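Dumped structure-v7.cif below, it's mmCIF, C-alpha atoms:
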data_work
#
loop_
_atom_site.label_atom_id
_atom_site.label_comp_id
_atom_site.auth_asym_id
_atom_site.auth_seq_id
_atom_site.Cartn_x
_atom_site.Cartn_y
_atom_site.Cartn_z
CA MET A 22 13.04 -34.60 -5.45
CA LEU A 23 9.51 -34.27 -6.75
CA GLU A 24 6.40 -34.75 -4.64
CA LYS A 25 4.75 -37.03 -7.21
CA GLU A 26 6.68 -39.55 -9.28
CA GLU A 27 4.46 -39.03 -12.35
CA TRP A 28 5.78 -35.46 -12.69
CA ARG A 29 9.19 -36.82 -13.64
CA TYR A 30 7.96 -37.86 -17.10
CA ASP A 31 6.13 -34.68 -18.15
CA LYS A 32 7.17 -33.31 -21.53
CA PHE A 33 7.55 -29.72 -20.38
CA PRO A 34 7.54 -29.51 -16.61
CA GLU A 35 6.80 -26.00 -15.40
CA PHE A 36 6.75 -25.63 -11.63
CA TYR A 37 5.04 -22.89 -9.68
CA ASN A 38 4.63 -23.02 -5.89
CA GLY A 39 5.74 -26.65 -5.85
CA SER A 40 3.14 -27.83 -8.39
CA ASN A 41 3.48 -28.67 -12.04
CA VAL A 42 1.49 -26.13 -14.03
CA LEU A 43 0.70 -28.62 -16.81
CA ASP A 44 -1.21 -30.76 -14.34
CA PHE A 45 -3.80 -27.96 -14.20
CA TYR A 46 -3.92 -27.35 -17.98
CA ASP A 47 -7.39 -27.60 -19.51
CA PRO A 48 -7.34 -28.83 -23.14
CA ASP A 49 -10.57 -26.91 -23.88
CA ILE A 50 -9.02 -23.62 -22.78
CA THR A 51 -8.70 -22.21 -26.32
CA GLU A 52 -12.37 -22.93 -27.09
CA LYS A 53 -13.43 -21.26 -23.84
CA LEU A 54 -11.20 -18.27 -24.57
CA ASN A 55 -12.64 -17.85 -28.07
CA ALA A 56 -16.19 -18.01 -26.68
CA LEU A 57 -15.36 -15.31 -24.09
CA GLU A 58 -13.78 -13.06 -26.71
CA LYS A 59 -16.83 -13.42 -28.98
CA GLU A 60 -19.12 -12.54 -26.06
CA GLU A 61 -17.00 -9.50 -25.24
CA GLU A 62 -17.16 -8.28 -28.85
CA GLU A 63 -20.97 -8.57 -28.82
CA LEU A 64 -21.18 -6.60 -25.58
CA LEU A 65 -18.93 -3.87 -26.98
CA LYS A 66 -21.09 -3.64 -30.12
CA MET A 67 -24.22 -3.32 -28.00
CA GLU A 68 -22.61 -0.56 -25.91
CA GLY A 69 -21.57 1.26 -29.09
CA MET A 70 -25.13 1.10 -30.41
CA GLN A 71 -26.46 2.46 -27.11
CA ASP A 72 -23.95 5.32 -27.23
CA ASP A 73 -25.06 6.24 -30.75
CA LEU A 74 -28.72 6.26 -29.69
CA MET A 75 -28.08 8.28 -26.54
CA ASN A 76 -26.03 11.07 -28.20
CA ASP A 77 -29.17 12.90 -29.29
CA GLU A 78 -31.19 12.42 -26.10
CA GLU A 79 -31.74 15.17 -23.60
CA ILE A 80 -32.59 14.35 -19.99
CA ASP A 81 -33.89 17.19 -17.78
CA GLY A 82 -32.36 19.77 -20.14
CA ILE A 83 -28.90 18.19 -20.09
CA LYS A 84 -27.44 16.42 -23.11
CA THR A 85 -25.90 12.99 -22.62
CA SER A 86 -22.67 14.14 -24.26
CA GLU A 87 -22.33 16.82 -21.56
CA LEU A 88 -23.03 14.22 -18.90
CA LYS A 89 -20.28 11.98 -20.27
CA LEU A 90 -17.78 14.84 -20.27
CA SER A 91 -18.57 15.81 -16.69
CA LEU A 92 -18.37 12.15 -15.66
CA LYS A 93 -14.88 11.91 -17.18
CA GLU A 94 -13.80 15.03 -15.27
CA VAL A 95 -15.13 13.69 -11.99
CA ARG A 96 -13.41 10.33 -12.48
CA ALA A 97 -10.13 12.08 -13.33
CA LYS A 98 -10.33 14.21 -10.18
CA LYS A 99 -11.16 11.15 -8.11
CA ALA A 100 -8.12 9.32 -9.51
CA ILE A 101 -5.92 12.33 -8.67
CA TYR A 102 -7.23 12.44 -5.09
CA LYS A 103 -6.53 8.72 -4.68
CA MET A 104 -2.95 9.14 -5.94
CA GLU A 105 -2.36 12.12 -3.65
CA HIS A 106 -3.66 10.12 -0.70
CA LYS A 107 -1.31 7.23 -1.50
CA LEU A 108 1.60 9.66 -1.73
CA LYS A 109 0.73 11.12 1.70
CA ILE A 110 0.66 7.63 3.22
CA ASN A 111 4.07 6.74 1.80
CA ARG A 112 5.78 9.81 3.21
CA THR A 113 7.98 9.14 6.18
CA HIS A 114 8.71 11.55 8.96
CA PHE A 115 12.24 11.87 10.20
CA GLY A 116 12.70 13.48 13.58
CA LYS A 117 14.85 16.47 14.21
CA LYS A 118 18.41 15.86 15.26
CA HIS A 119 19.30 17.60 18.50
CA ASP A 120 22.66 18.42 19.96
CA LEU A 121 23.41 16.50 23.16
CA THR A 122 24.19 19.67 25.13
CA ASP A 123 20.83 21.17 24.13
CA VAL A 124 19.04 18.03 25.35
CA ILE A 125 20.91 18.12 28.69
CA GLU A 126 20.13 21.82 29.19
CA HIS A 127 16.46 21.27 28.39
CA MET A 128 16.17 18.34 30.82
CA GLU A 129 17.89 20.32 33.61
CA SER A 130 15.63 23.34 32.98
CA LYS A 131 12.61 21.05 33.52
CA GLY A 132 14.12 19.85 36.80
CA ILE A 133 14.93 16.31 35.64
CA PRO A 134 18.22 14.96 36.97
CA VAL A 135 20.58 13.92 34.14
CA ASN A 136 23.54 11.55 34.28
CA LYS A 137 25.61 13.30 31.59
CA GLU A 138 28.25 10.58 31.20
CA LYS A 139 25.70 7.80 30.79
CA LEU A 140 23.72 9.88 28.31
CA ARG A 141 26.85 10.62 26.28
CA SER A 142 27.81 6.96 26.20
CA HIS A 143 24.35 5.98 24.92
CA SER A 144 24.11 8.69 22.28
CA LYS A 145 25.08 7.82 18.74
CA VAL A 146 27.72 10.08 17.35
CA ARG A 147 28.38 10.18 13.65
CA ARG A 148 32.04 10.22 12.95
CA SER A 149 33.65 11.03 9.66
CA ILE A 150 36.80 9.42 8.31
CA LYS A 151 38.67 12.61 9.13
CA ASP A 152 37.68 12.30 12.81
CA LEU A 153 38.96 8.73 12.90
CA GLU A 154 42.25 9.68 11.24
CA ASP A 155 42.88 12.40 13.86
CA ALA A 156 42.38 9.96 16.74
#

Rewrite the structure from the file as structure tokens, please.
Amino acid sequence: MLEKEEWRYDKFPEFYNGSNVLDFYDPDITEKLNALEKEEEELLKMEGMQDDLMNDEEIDGIKTSELKLSLKEVRAKKAIYKMEHKLKINRTHFGKKHDLTDVIEHMESKGIPVNKEKLRSHSKVRRSIKDLEDA
């Protein structure tokens, strides 16, 4: 069942999030795209011309080519630090597994009364297939 009856007669219905994508299609999209690409090419040409002019300049005794190289290095290091930070965030910490008898002894040494049977019944014990076969 469609929300709008007019969608039923679309040539190529393409649905995304419950809406027909062709209902949002702009017929002038190719013209707009060509205009944007032309503008981008002009900007890139202007940047290229600026780079050619700036290669020979020297600001405060430092050449622009040296500045560009150091800027690349700094950006690379910054990207590495960001990746390392993301890796640290994604690490998970798994707690140590302790033997039940060690836990009981530790609690008793601290003076905390322990109900051993209740603690054993609540603890999760991993059993292998061999243990189950023996039982």

What is the CA of Lys117 (chain A)-CA of Ile133 (chain A) distance in Å, reported with one decimal?
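CA of Lys117 (chain A) sits 21.4 Å away from CA of Ile133 (chain A).
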
I'd like the interatomic distance between CA of Ser40 (chain A) and CA of Glu52 (chain A), to a tenth of an Å.
24.8 Å

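Of note, CA of Leu140 (chain A) and CA of Val124 (chain A) are spaced 9.9 Å apart.
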